[in-house]
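**Q** My structure is stored as input27.cif, with mmCIF, C-alpha atoms and all ligand atoms.
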```
data_model
#
loop_
_atom_site.group_PDB
_atom_site.id
_atom_site.type_symbol
_atom_site.label_atom_id
_atom_site.label_comp_id
_atom_site.auth_asym_id
_atom_site.auth_seq_id
_atom_site.Cartn_x
_atom_site.Cartn_y
_atom_site.Cartn_z
ATOM 1 C CA MET A 1446 -24.464 1.502 9.254
ATOM 2 C CA ALA A 1447 -23.483 2.169 5.686
ATOM 3 C CA SER A 1448 -23.347 -1.304 4.253
ATOM 4 C CA ASP A 1449 -25.097 -0.629 0.974
ATOM 5 C CA LYS A 1450 -22.530 0.206 -1.690
ATOM 6 C CA THR A 1451 -24.911 2.199 -3.853
ATOM 7 C CA GLU A 1452 -25.789 4.330 -0.875
ATOM 8 C CA ILE A 1453 -22.130 4.810 -0.052
ATOM 9 C CA ALA A 1454 -21.306 5.678 -3.629
ATOM 10 C CA THR A 1455 -23.592 8.694 -3.501
ATOM 11 C CA LEU A 1456 -22.328 10.053 -0.190
ATOM 12 C CA ASP A 1457 -21.676 13.726 0.109
ATOM 13 C CA SER A 1458 -19.703 15.647 2.690
ATOM 14 C CA SER A 1459 -22.686 16.240 5.002
ATOM 15 C CA PRO A 1460 -22.403 15.610 8.771
ATOM 16 C CA GLU A 1461 -24.550 12.456 8.307
ATOM 17 C CA ALA A 1462 -22.057 11.111 5.787
ATOM 18 C CA LEU A 1463 -19.187 11.867 8.159
ATOM 19 C CA LEU A 1464 -21.055 10.014 10.899
ATOM 20 C CA ARG A 1465 -21.494 6.991 8.630
ATOM 21 C CA TRP A 1466 -17.755 7.136 7.858
ATOM 22 C CA TYR A 1467 -16.934 7.003 11.590
ATOM 23 C CA GLN A 1468 -19.385 4.113 11.990
ATOM 24 C CA ALA A 1469 -17.783 2.273 9.092
ATOM 25 C CA MET A 1470 -14.453 2.677 10.828
ATOM 26 C CA GLY A 1471 -15.722 1.133 14.015
ATOM 27 C CA VAL A 1472 -16.338 4.284 16.081
ATOM 28 C CA ASP A 1473 -19.406 3.555 18.191
ATOM 29 C CA GLU A 1474 -19.151 6.224 20.863
ATOM 30 C CA ALA A 1475 -17.707 9.697 21.140
ATOM 31 C CA ILE A 1476 -16.088 9.506 24.569
ATOM 32 C CA GLY A 1477 -15.532 6.680 27.046
ATOM 33 C CA ASP A 1478 -16.456 7.078 30.721
ATOM 34 C CA VAL A 1479 -13.214 5.546 31.888
ATOM 35 C CA PRO A 1480 -9.802 6.491 30.534
ATOM 36 C CA VAL A 1481 -8.056 3.666 28.684
ATOM 37 C CA ASP A 1482 -4.309 3.208 28.943
ATOM 38 C CA ARG A 1483 -3.720 1.773 25.504
ATOM 39 C CA PHE A 1484 -0.025 1.365 26.175
ATOM 40 C CA SER A 1485 -0.803 -1.284 28.781
ATOM 41 C CA LEU A 1486 -2.693 -3.411 26.259
ATOM 42 C CA SER A 1487 -0.047 -5.477 24.629
ATOM 43 C CA PRO A 1488 -1.388 -7.434 21.650
ATOM 44 C CA PRO A 1489 -1.066 -11.216 21.827
ATOM 45 C CA VAL A 1490 2.119 -12.372 20.157
ATOM 46 C CA ALA A 1491 1.408 -15.074 17.605
ATOM 47 C CA ALA A 1492 4.022 -17.718 17.045
ATOM 48 C CA PRO A 1493 5.778 -17.059 13.734
ATOM 49 C CA GLN A 1494 4.357 -19.176 10.962
ATOM 50 C CA PRO A 1495 5.488 -19.650 7.411
ATOM 51 C CA ALA A 1496 3.552 -17.349 5.123
ATOM 52 C CA PRO A 1497 0.896 -19.003 2.970
ATOM 53 C CA ALA A 1498 1.423 -18.517 -0.732
ATOM 54 C CA PRO A 1499 0.272 -14.943 -1.341
ATOM 55 C CA ARG A 1500 -2.619 -14.314 -3.665
ATOM 56 C CA HIS A 1501 -1.025 -13.125 -6.856
ATOM 57 C CA LEU A 1502 -3.211 -12.330 -9.754
ATOM 58 C CA ASN A 1503 -2.191 -11.730 -13.282
ATOM 59 C CA ARG A 1504 -3.839 -9.178 -15.536
ATOM 60 C CA GLU A 1505 -6.493 -11.764 -16.416
ATOM 61 C CA ASN A 1506 -7.291 -11.899 -12.704
ATOM 62 C CA GLN A 1507 -6.260 -15.521 -12.390
ATOM 63 C CA ALA A 1508 -4.331 -16.773 -9.437
ATOM 64 C CA PHE A 1509 -0.872 -18.041 -10.204
ATOM 65 C CA PRO A 1510 1.413 -19.968 -7.942
ATOM 66 C CA ALA A 1511 4.123 -18.304 -5.937
ATOM 67 C CA PRO A 1512 7.544 -18.927 -7.444
ATOM 68 C CA SER A 1513 9.300 -22.110 -6.508
ATOM 69 C CA ALA A 1514 11.885 -21.761 -3.784
ATOM 70 C CA THR A 1515 14.827 -20.851 -5.939
ATOM 71 C CA PRO A 1516 18.025 -20.600 -3.944
ATOM 72 C CA ARG A 1517 18.926 -16.980 -3.470
ATOM 73 C CA THR A 1518 21.716 -16.198 -5.864
ATOM 74 C CA PRO A 1519 23.251 -12.851 -5.172
ATOM 75 C CA PRO A 1520 23.536 -10.653 -8.236
ATOM 76 C CA ALA A 1521 26.978 -10.889 -9.722
ATOM 77 C CA SER A 1522 27.772 -7.518 -8.231
ATOM 78 C CA ALA A 1523 26.680 -8.567 -4.717
ATOM 79 C CA GLN A 1524 29.193 -11.404 -4.553
ATOM 80 C CA THR A 1525 32.027 -9.056 -3.960
ATOM 81 C CA SER A 1526 32.452 -6.864 -0.938
ATOM 82 C CA LEU A 1527 33.318 -4.030 -3.300
ATOM 83 C CA VAL A 1528 29.757 -3.858 -4.570
ATOM 84 C CA THR A 1529 28.521 -0.297 -4.683
ATOM 85 C CA GLN A 1530 25.084 1.130 -4.093
ATOM 86 C CA ASP A 1531 25.071 2.244 -7.732
ATOM 87 C CA GLU A 1532 25.701 -1.297 -8.947
ATOM 88 C CA ILE A 1533 22.902 -2.691 -6.800
ATOM 89 C CA ALA A 1534 20.510 0.031 -7.948
ATOM 90 C CA SER A 1535 21.471 -0.693 -11.523
ATOM 91 C CA ASP A 1536 20.829 -4.460 -11.006
ATOM 92 C CA ALA A 1537 17.426 -3.554 -9.575
ATOM 93 C CA ARG A 1538 16.562 -1.354 -12.555
ATOM 94 C CA LYS A 1539 17.617 -4.042 -15.005
ATOM 95 C CA LEU A 1540 15.659 -6.823 -13.282
ATOM 96 C CA ALA A 1541 12.555 -4.668 -12.909
ATOM 97 C CA SER A 1542 12.589 -3.455 -16.497
ATOM 98 C CA GLU A 1543 12.897 -7.035 -17.790
ATOM 99 C CA ALA A 1544 9.740 -8.133 -15.923
ATOM 100 C CA GLN A 1545 6.811 -8.406 -18.304
ATOM 101 C CA SER A 1546 4.119 -9.181 -15.748
ATOM 102 C CA LEU A 1547 3.431 -8.684 -12.065
ATOM 103 C CA GLU A 1548 4.292 -12.315 -11.387
ATOM 104 C CA GLU A 1549 7.658 -11.757 -13.068
ATOM 105 C CA ILE A 1550 8.264 -8.806 -10.752
ATOM 106 C CA TYR A 1551 7.482 -11.070 -7.807
ATOM 107 C CA ASP A 1552 9.895 -13.692 -9.134
ATOM 108 C CA ALA A 1553 12.566 -11.078 -9.723
ATOM 109 C CA LEU A 1554 12.175 -9.740 -6.180
ATOM 110 C CA ALA A 1555 12.279 -13.268 -4.780
ATOM 111 C CA LYS A 1556 15.661 -13.797 -6.432
ATOM 112 C CA PHE A 1557 17.039 -10.321 -5.866
ATOM 113 C CA ASP A 1558 19.458 -10.095 -2.947
ATOM 114 C CA GLY A 1559 20.496 -6.484 -3.340
ATOM 115 C CA CYS A 1560 18.251 -5.076 -0.610
ATOM 116 C CA PRO A 1561 19.757 -5.607 2.867
ATOM 117 C CA LEU A 1562 16.272 -5.688 4.416
ATOM 118 C CA LYS A 1563 15.770 -9.123 2.903
ATOM 119 C CA LYS A 1564 18.286 -10.594 5.367
ATOM 120 C CA THR A 1565 16.224 -9.662 8.416
ATOM 121 C CA ALA A 1566 12.716 -10.123 6.978
ATOM 122 C CA LYS A 1567 10.777 -13.371 7.169
ATOM 123 C CA ASN A 1568 8.938 -12.924 3.903
ATOM 124 C CA LEU A 1569 8.791 -10.901 0.742
ATOM 125 C CA VAL A 1570 5.707 -8.662 0.792
ATOM 126 C CA PHE A 1571 4.745 -7.585 -2.709
ATOM 127 C CA SER A 1572 1.073 -7.082 -3.380
ATOM 128 C CA ASP A 1573 -2.512 -7.921 -2.621
ATOM 129 C CA GLY A 1574 -5.873 -7.206 -4.197
ATOM 130 C CA ASN A 1575 -6.899 -7.092 -7.806
ATOM 131 C CA PRO A 1576 -4.190 -5.996 -10.299
ATOM 132 C CA LYS A 1577 -6.921 -5.022 -12.763
ATOM 133 C CA ALA A 1578 -8.490 -2.560 -10.319
ATOM 134 C CA ARG A 1579 -8.891 1.073 -11.320
ATOM 135 C CA VAL A 1580 -7.292 2.139 -8.055
ATOM 136 C CA MET A 1581 -3.824 1.261 -6.786
ATOM 137 C CA MET A 1582 -2.925 2.043 -3.162
ATOM 138 C CA ILE A 1583 0.752 2.390 -2.273
ATOM 139 C CA GLY A 1584 2.006 2.337 1.316
ATOM 140 C CA GLU A 1585 5.440 2.646 2.843
ATOM 141 C CA ALA A 1586 6.823 -0.676 4.058
ATOM 142 C CA PRO A 1587 5.541 -3.906 5.600
ATOM 143 C CA GLY A 1588 5.197 -4.183 9.362
ATOM 144 C CA ALA A 1589 5.381 -7.263 11.584
ATOM 145 C CA ASP A 1590 1.998 -8.725 10.544
ATOM 146 C CA GLU A 1591 2.710 -8.189 6.867
ATOM 147 C CA ASP A 1592 6.156 -9.775 7.293
ATOM 148 C CA ARG A 1593 4.567 -12.834 8.924
ATOM 149 C CA GLN A 1594 1.853 -13.230 6.298
ATOM 150 C CA GLY A 1595 3.722 -12.086 3.196
ATOM 151 C CA LYS A 1596 0.931 -9.651 2.250
ATOM 152 C CA PRO A 1597 0.677 -5.861 2.494
ATOM 153 C CA PHE A 1598 -1.683 -4.125 4.916
ATOM 154 C CA VAL A 1599 -2.954 -7.091 6.897
ATOM 155 C CA GLY A 1600 -2.284 -5.689 10.391
ATOM 156 C CA ARG A 1601 -4.223 -3.002 12.269
ATOM 157 C CA SER A 1602 -3.465 -0.360 9.630
ATOM 158 C CA GLY A 1603 -4.685 -2.726 6.956
ATOM 159 C CA GLN A 1604 -7.896 -3.453 8.810
ATOM 160 C CA LEU A 1605 -8.584 0.257 9.071
ATOM 161 C CA LEU A 1606 -7.715 0.688 5.399
ATOM 162 C CA ASP A 1607 -10.224 -2.040 4.486
ATOM 163 C CA LEU A 1608 -12.964 -0.238 6.436
ATOM 164 C CA MET A 1609 -12.130 3.063 4.765
ATOM 165 C CA LEU A 1610 -12.212 1.442 1.343
ATOM 166 C CA ARG A 1611 -15.503 -0.267 2.059
ATOM 167 C CA ALA A 1612 -17.012 3.071 3.083
ATOM 168 C CA ILE A 1613 -16.531 4.268 -0.503
ATOM 169 C CA GLY A 1614 -17.607 0.985 -2.075
ATOM 170 C CA LEU A 1615 -14.152 -0.519 -2.694
ATOM 171 C CA ASP A 1616 -12.796 -3.861 -1.562
ATOM 172 C CA ARG A 1617 -9.396 -5.443 -2.054
ATOM 173 C CA ALA A 1618 -11.038 -8.846 -2.460
ATOM 174 C CA GLY A 1619 -13.351 -7.579 -5.196
ATOM 175 C CA GLU A 1620 -13.241 -9.424 -8.511
ATOM 176 C CA ASP A 1621 -14.670 -6.503 -10.450
ATOM 177 C CA PRO A 1622 -12.039 -3.849 -11.354
ATOM 178 C CA GLU A 1623 -14.744 -1.227 -10.724
ATOM 179 C CA ASN A 1624 -14.928 -1.882 -7.018
ATOM 180 C CA SER A 1625 -11.618 -3.440 -6.138
ATOM 181 C CA VAL A 1626 -8.147 -2.102 -5.375
ATOM 182 C CA PHE A 1627 -4.595 -3.257 -5.929
ATOM 183 C CA ILE A 1628 -2.237 -2.710 -2.992
ATOM 184 C CA SER A 1629 1.539 -2.549 -2.716
ATOM 185 C CA ASN A 1630 4.327 -0.672 -0.945
ATOM 186 C CA THR A 1631 7.464 1.268 -1.803
ATOM 187 C CA ILE A 1632 9.536 -1.302 0.149
ATOM 188 C CA PHE A 1633 9.058 -5.068 -0.054
ATOM 189 C CA TRP A 1634 10.716 -6.327 3.114
ATOM 190 C CA ARG A 1635 10.051 -5.238 6.669
ATOM 191 C CA PRO A 1636 12.602 -2.766 8.051
ATOM 192 C CA PRO A 1637 13.752 -4.120 11.460
ATOM 193 C CA GLY A 1638 11.712 -2.677 14.308
ATOM 194 C CA ASN A 1639 9.500 -0.888 11.753
ATOM 195 C CA ARG A 1640 12.073 1.856 11.360
ATOM 196 C CA LYS A 1641 11.807 4.202 8.382
ATOM 197 C CA PRO A 1642 13.394 2.782 5.244
ATOM 198 C CA THR A 1643 16.687 4.481 4.403
ATOM 199 C CA PRO A 1644 16.999 6.441 1.146
ATOM 200 C CA ALA A 1645 19.311 3.672 -0.137
ATOM 201 C CA GLU A 1646 16.740 0.926 0.569
ATOM 202 C CA SER A 1647 14.080 3.044 -1.007
ATOM 203 C CA GLU A 1648 16.176 3.665 -4.106
ATOM 204 C CA ILE A 1649 16.894 -0.044 -4.500
ATOM 205 C CA CYS A 1650 13.207 -1.006 -4.276
ATOM 206 C CA PHE A 1651 11.889 1.841 -6.401
ATOM 207 C CA PRO A 1652 12.368 0.287 -9.879
ATOM 208 C CA PHE A 1653 10.153 -2.636 -8.834
ATOM 209 C CA ILE A 1654 7.190 -0.557 -7.622
ATOM 210 C CA SER A 1655 7.608 1.693 -10.606
ATOM 211 C CA ARG A 1656 7.414 -1.294 -12.976
ATOM 212 C CA ALA A 1657 4.465 -2.700 -11.000
ATOM 213 C CA ILE A 1658 2.593 0.564 -11.583
ATOM 214 C CA GLU A 1659 3.355 0.387 -15.303
ATOM 215 C CA LEU A 1660 2.098 -3.182 -15.538
ATOM 216 C CA ALA A 1661 -0.989 -2.728 -13.358
ATOM 217 C CA ALA A 1662 -1.782 0.531 -15.192
ATOM 218 C CA PRO A 1663 -4.227 1.936 -12.631
ATOM 219 C CA GLU A 1664 -6.376 4.985 -13.361
ATOM 220 C CA ILE A 1665 -5.825 6.369 -9.889
ATOM 221 C CA ILE A 1666 -2.848 5.987 -7.574
ATOM 222 C CA VAL A 1667 -3.410 6.639 -3.883
ATOM 223 C CA CYS A 1668 -0.264 7.346 -1.849
ATOM 224 C CA LEU A 1669 -0.719 6.411 1.799
ATOM 225 C CA GLY A 1670 1.540 8.814 3.646
ATOM 226 C CA ALA A 1671 4.488 10.959 2.666
ATOM 227 C CA THR A 1672 6.971 8.217 1.775
ATOM 228 C CA PRO A 1673 5.241 6.894 -1.360
ATOM 229 C CA MET A 1674 4.233 10.427 -2.344
ATOM 230 C CA HIS A 1675 7.830 11.690 -2.187
ATOM 231 C CA ARG A 1676 9.016 8.632 -4.085
ATOM 232 C CA LEU A 1677 6.489 9.054 -6.872
ATOM 233 C CA ILE A 1678 6.240 12.802 -7.322
ATOM 234 C CA GLY A 1679 9.309 14.098 -5.492
ATOM 235 C CA GLY A 1680 9.401 17.196 -3.309
ATOM 236 C CA SER A 1681 9.544 17.308 0.441
ATOM 237 C CA GLU A 1682 6.165 18.812 1.371
ATOM 238 C CA GLY A 1683 4.540 17.212 4.409
ATOM 239 C CA ILE A 1684 1.567 14.932 3.908
ATOM 240 C CA LEU A 1685 -0.763 17.149 5.951
ATOM 241 C CA ARG A 1686 -0.202 19.940 3.456
ATOM 242 C CA SER A 1687 -0.297 17.780 0.337
ATOM 243 C CA ARG A 1688 -3.155 15.438 1.142
ATOM 244 C CA GLY A 1689 -6.451 15.832 -0.625
ATOM 245 C CA LYS A 1690 -5.021 17.611 -3.676
ATOM 246 C CA TRP A 1691 -4.976 15.777 -6.957
ATOM 247 C CA ARG A 1692 -1.537 15.430 -8.483
ATOM 248 C CA SER A 1693 -0.354 13.412 -11.431
ATOM 249 C CA VAL A 1694 2.522 11.161 -12.273
ATOM 250 C CA GLU A 1695 3.705 10.043 -15.688
ATOM 251 C CA VAL A 1696 3.394 6.320 -16.270
ATOM 252 C CA ASN A 1697 4.370 4.974 -19.701
ATOM 253 C CA GLY A 1698 3.944 8.421 -21.223
ATOM 254 C CA THR A 1699 0.471 8.934 -19.729
ATOM 255 C CA GLN A 1700 -0.433 11.207 -16.833
ATOM 256 C CA VAL A 1701 -2.068 9.187 -14.077
ATOM 257 C CA ALA A 1702 -4.066 10.878 -11.302
ATOM 258 C CA LEU A 1703 -2.465 10.611 -7.890
ATOM 259 C CA MET A 1704 -4.091 11.365 -4.552
ATOM 260 C CA PRO A 1705 -1.862 11.720 -1.475
ATOM 261 C CA THR A 1706 -3.669 10.918 1.744
ATOM 262 C CA LEU A 1707 -2.901 10.106 5.366
ATOM 263 C CA HIS A 1708 -1.422 6.747 6.267
ATOM 264 C CA PRO A 1709 -3.859 4.548 8.253
ATOM 265 C CA ALA A 1710 -1.175 4.011 10.928
ATOM 266 C CA TYR A 1711 -1.196 7.777 11.496
ATOM 267 C CA LEU A 1712 -5.000 7.689 11.745
ATOM 268 C CA LEU A 1713 -4.752 5.006 14.421
ATOM 269 C CA ARG A 1714 -2.552 7.375 16.425
ATOM 270 C CA GLN A 1715 -4.572 10.499 15.580
ATOM 271 C CA PRO A 1716 -8.195 9.333 15.159
ATOM 272 C CA ALA A 1717 -9.500 12.909 14.944
ATOM 273 C CA GLN A 1718 -7.726 13.229 11.587
ATOM 274 C CA LYS A 1719 -10.011 10.585 10.075
ATOM 275 C CA ARG A 1720 -12.264 13.429 8.974
ATOM 276 C CA LEU A 1721 -9.479 14.588 6.618
ATOM 277 C CA SER A 1722 -9.110 11.117 5.126
ATOM 278 C CA TRP A 1723 -12.848 10.973 4.690
ATOM 279 C CA ARG A 1724 -12.652 14.057 2.446
ATOM 280 C CA ASP A 1725 -9.836 12.484 0.433
ATOM 281 C CA PHE A 1726 -11.697 9.220 0.031
ATOM 282 C CA LEU A 1727 -14.816 11.110 -1.095
ATOM 283 C CA GLU A 1728 -12.650 12.797 -3.735
ATOM 284 C CA ILE A 1729 -11.472 9.398 -4.933
ATOM 285 C CA ARG A 1730 -15.072 8.158 -5.055
ATOM 286 C CA LYS A 1731 -16.110 11.242 -7.003
ATOM 287 C CA ARG A 1732 -13.335 10.764 -9.546
ATOM 288 C CA LEU A 1733 -14.255 7.117 -10.019
ATOM 289 C CA ASP A 1734 -17.882 8.072 -10.547
ATOM 290 C CA ASN A 1735 -16.958 10.661 -13.142
HETATM 291 N N1 LIG B 1 2.135 0.031 6.569
HETATM 292 C C1 LIG B 1 2.517 0.154 5.275
HETATM 293 O O1 LIG B 1 2.898 1.222 4.824
HETATM 294 N N2 LIG B 1 2.433 -0.933 4.515
HETATM 295 C C2 LIG B 1 2.001 -2.108 4.955
HETATM 296 O O2 LIG B 1 1.947 -3.055 4.172
HETATM 297 C C3 LIG B 1 1.598 -2.193 6.301
HETATM 298 C C4 LIG B 1 1.676 -1.114 7.088
#
```
Please render this file's structure as structure tokens.
Ligand code: URA

**A**
Amino acid sequence: MASDKTEIATLDSSPEALLRWYQAMGVDEAIGDVPVDRFSLSPPVAAPQPAPAPRHLNRENQAFPAPSATPRTPPASAQTSLVTQDEIASDARKLASEAQSLEEIYDALAKFDGCPLKKTAKNLVFSDGNPKARVMMIGEAPGADEDRQGKPFVGRSGQLLDLMLRAIGLDRAGEDPENSVFISNTIFWRPPGNRKPTPAESEICFPFISRAIELAAPEIIVCLGATPMHRLIGGSEGILRSRGKWRSVEVNGTQVALMPTLHPAYLLRQPAQKRLSWRDFLEIRKRLDN
């Protein structure tokens, strides 16, 4: 089992390394003797609980309290039924651009009522991990577990993501920017029934993730799936074609390296594709080592 980070950091793309990657992701046998009907295994349903205060860190890596429960005041434009999508998007851009720190983005999102997803979500899901990390991972939108806990990637996809990160020596709980990651999403409230966010919802949330990237200033951005990739670099190419190829995105006038890779939820449905993610994660490791 690859538990030693220095060993992991020097992995190559040999079959042994691929085997260690599968081990790190919990694969302990190639084929079961008895077929498993995974659809019949319904996960236990936990009673909804209020989310604990999420771990927010400022650039000095110090925890700061979640914002006090300010009553939700709709933006001036949202108080009228004649509010247009353009006005809401413009409110979002203004609020996001005024934020001078990640905690101010969180506060702004907590007060912002322009995204209709907020009405059906239990919690705002903004970020997790270390904002000083060299690597920032961006997913699509929170699911049920994330909605309950108020933190991104804490469900099954998140657990797989943690294993994949650990296999290349990274850890969202790491204090050292060298071996930690910062995690967020393109959407900050759970879409009902985990449906795909609409272009309008995505447009409304975009200024906030864009500002978060500026403030976190990562060296490498990893897009988990097509949604964040399309948001950040445009185009409509599928993730299977785009994954594994370094791209770049301009942040504050600087080109930042961007790696599109497969979303962990897709890997849970298509475990054989983990070998492709392994290559992408090795690329990320290599770039960090250089
Ligand atoms: N999938 C995502 O894209 N983001 C999350 O936070 C959880 C699952």

**Q** Neighbours of ligand LIG 1 (chain B) within 10 Å, counting only C-alpha atoms and all ligand atoms, as a PyMOL selection string?

**A** chain A and resi 1570-1573+1582-1592+1595-1604+1606+1628-1635+1639+1668-1670+1672-1673+1708-1711

**Q** Could you check how far CA of Ser1687 (chain A) sits from CA of Leu1727 (chain A), in Å to one decimal?

**A** 16.0 Å

**Q** Applied to this file, what does the PyMOL selection byres (((chain A and resi 1650) around 10) and not hetatm) return in terms of residues, put as a VMD selection string?

**A** chain A and resid 1534 1537 to 1538 1541 1554 1559 to 1560 1630 to 1634 1644 to 1649 1651 to 1655

**Q** In terms of the shortest atom-to-atom distance over all atoms listed in the file, which of A:Thr1643, A:Gly1698, A:Arg1593, A:Arg1579 is closest to Asp1616 (chain A)?

**A** A:Arg1579

**Q** With distances taken over all atoms listed in the file, which of A:Leu1707, A:Leu1562, A:Leu1685, A:Met1609 is nearest to Lys1641 (chain A)?

**A**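 Nearest to Lys1641 (chain A): A:Leu1562.
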
**Q** When you count all atoms listed in the file, which of these residues is closest to Glu1623 (chain A): A:Met1674, A:Leu1605, A:Pro1576, A:Leu1660?

**A**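 Counting all atoms listed in the file, the residue closest to Glu1623 (chain A) is A:Pro1576.
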
**Q** Quick one, how far is CA of Met1581 (chain A) from CA of Ile1666 (chain A)?

**A** 4.9 Å

**Q** Separation of CA of Trp1466 (chain A) and CA of Leu1608 (chain A), in Å?

**A**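 Taking CA of Trp1466 (chain A) as the start and CA of Leu1608 (chain A) as the end point, the length is 8.9 Å.
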
**Q** Could you check which of A:Gln1594, A:Ser1546, A:Ser1625, A:Asn1568 is closest to Val1580 (chain A), using only C-alpha atoms?

**A** A:Ser1625

**Q** Evaluate the PyMOL selection byres (((chain A and resi 1618) around 10) and not hetatm) on the structure here and hand back the selected residues as a list in words.

**A**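 What the PyMOL selection byres (((chain A and resi 1618) around 10) and not hetatm) grabs from the file is Asp1573, Gly1574, Asn1575, Asp1607, Leu1615, Asp1616, Arg1617, Gly1619, Glu1620, Asp1621, Asn1624, Ser1625, Val1626 and Phe1627 of chain A.
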
**Q** Please return the centre and edge lengths, in Å to one decimal, of a box with edges along x, y and z that contains all listed atoms of region 1716-1728 of chain A, widened by 3 Å on every side, as JSON.

**A**
```
{"center_x": -11.3, "center_y": 11.9, "center_z": 5.7, "size_x": 13.1, "size_y": 11.4, "size_z": 24.9}
```

**Q** Which of these, A:Pro1622, A:Pro1705, A:Pro1642, A:Pro1636, has the shortest distance to Leu1721 (chain A) once you count all atoms listed in the file?

**A**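 Once distances to Leu1721 (chain A) are computed over all atoms listed in the file, the minimum belongs to A:Pro1705.
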
**Q** Determine the nearest neighbour of Val1667 (chain A) from the options A:Ile1729, A:Arg1720, A:Arg1640, A:Leu1713, counting all atoms listed in the file.

**A**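 Nearest candidate to Val1667 (chain A) out of A:Ile1729, A:Arg1720, A:Arg1640, A:Leu1713: A:Ile1729.
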
**Q** Once the PyMOL selection byres (((chain A and resi 1732) around 12) and not hetatm) is applied to the coordinates I shared, what remains selected? I want it as a list of chain:residue names.

**A**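 Taken on the displayed file, the PyMOL selection byres (((chain A and resi 1732) around 12) and not hetatm) yields the residues A:Ala1454, A:Arg1579, A:Val1580, A:Ile1613, A:Glu1664, A:Ile1665, A:Ile1666, A:Trp1691, A:Ala1702, A:Leu1703, A:Met1704, A:Asp1725, A:Phe1726, A:Leu1727, A:Glu1728, A:Ile1729, A:Arg1730, A:Lys1731, A:Leu1733, A:Asp1734, A:Asn1735.
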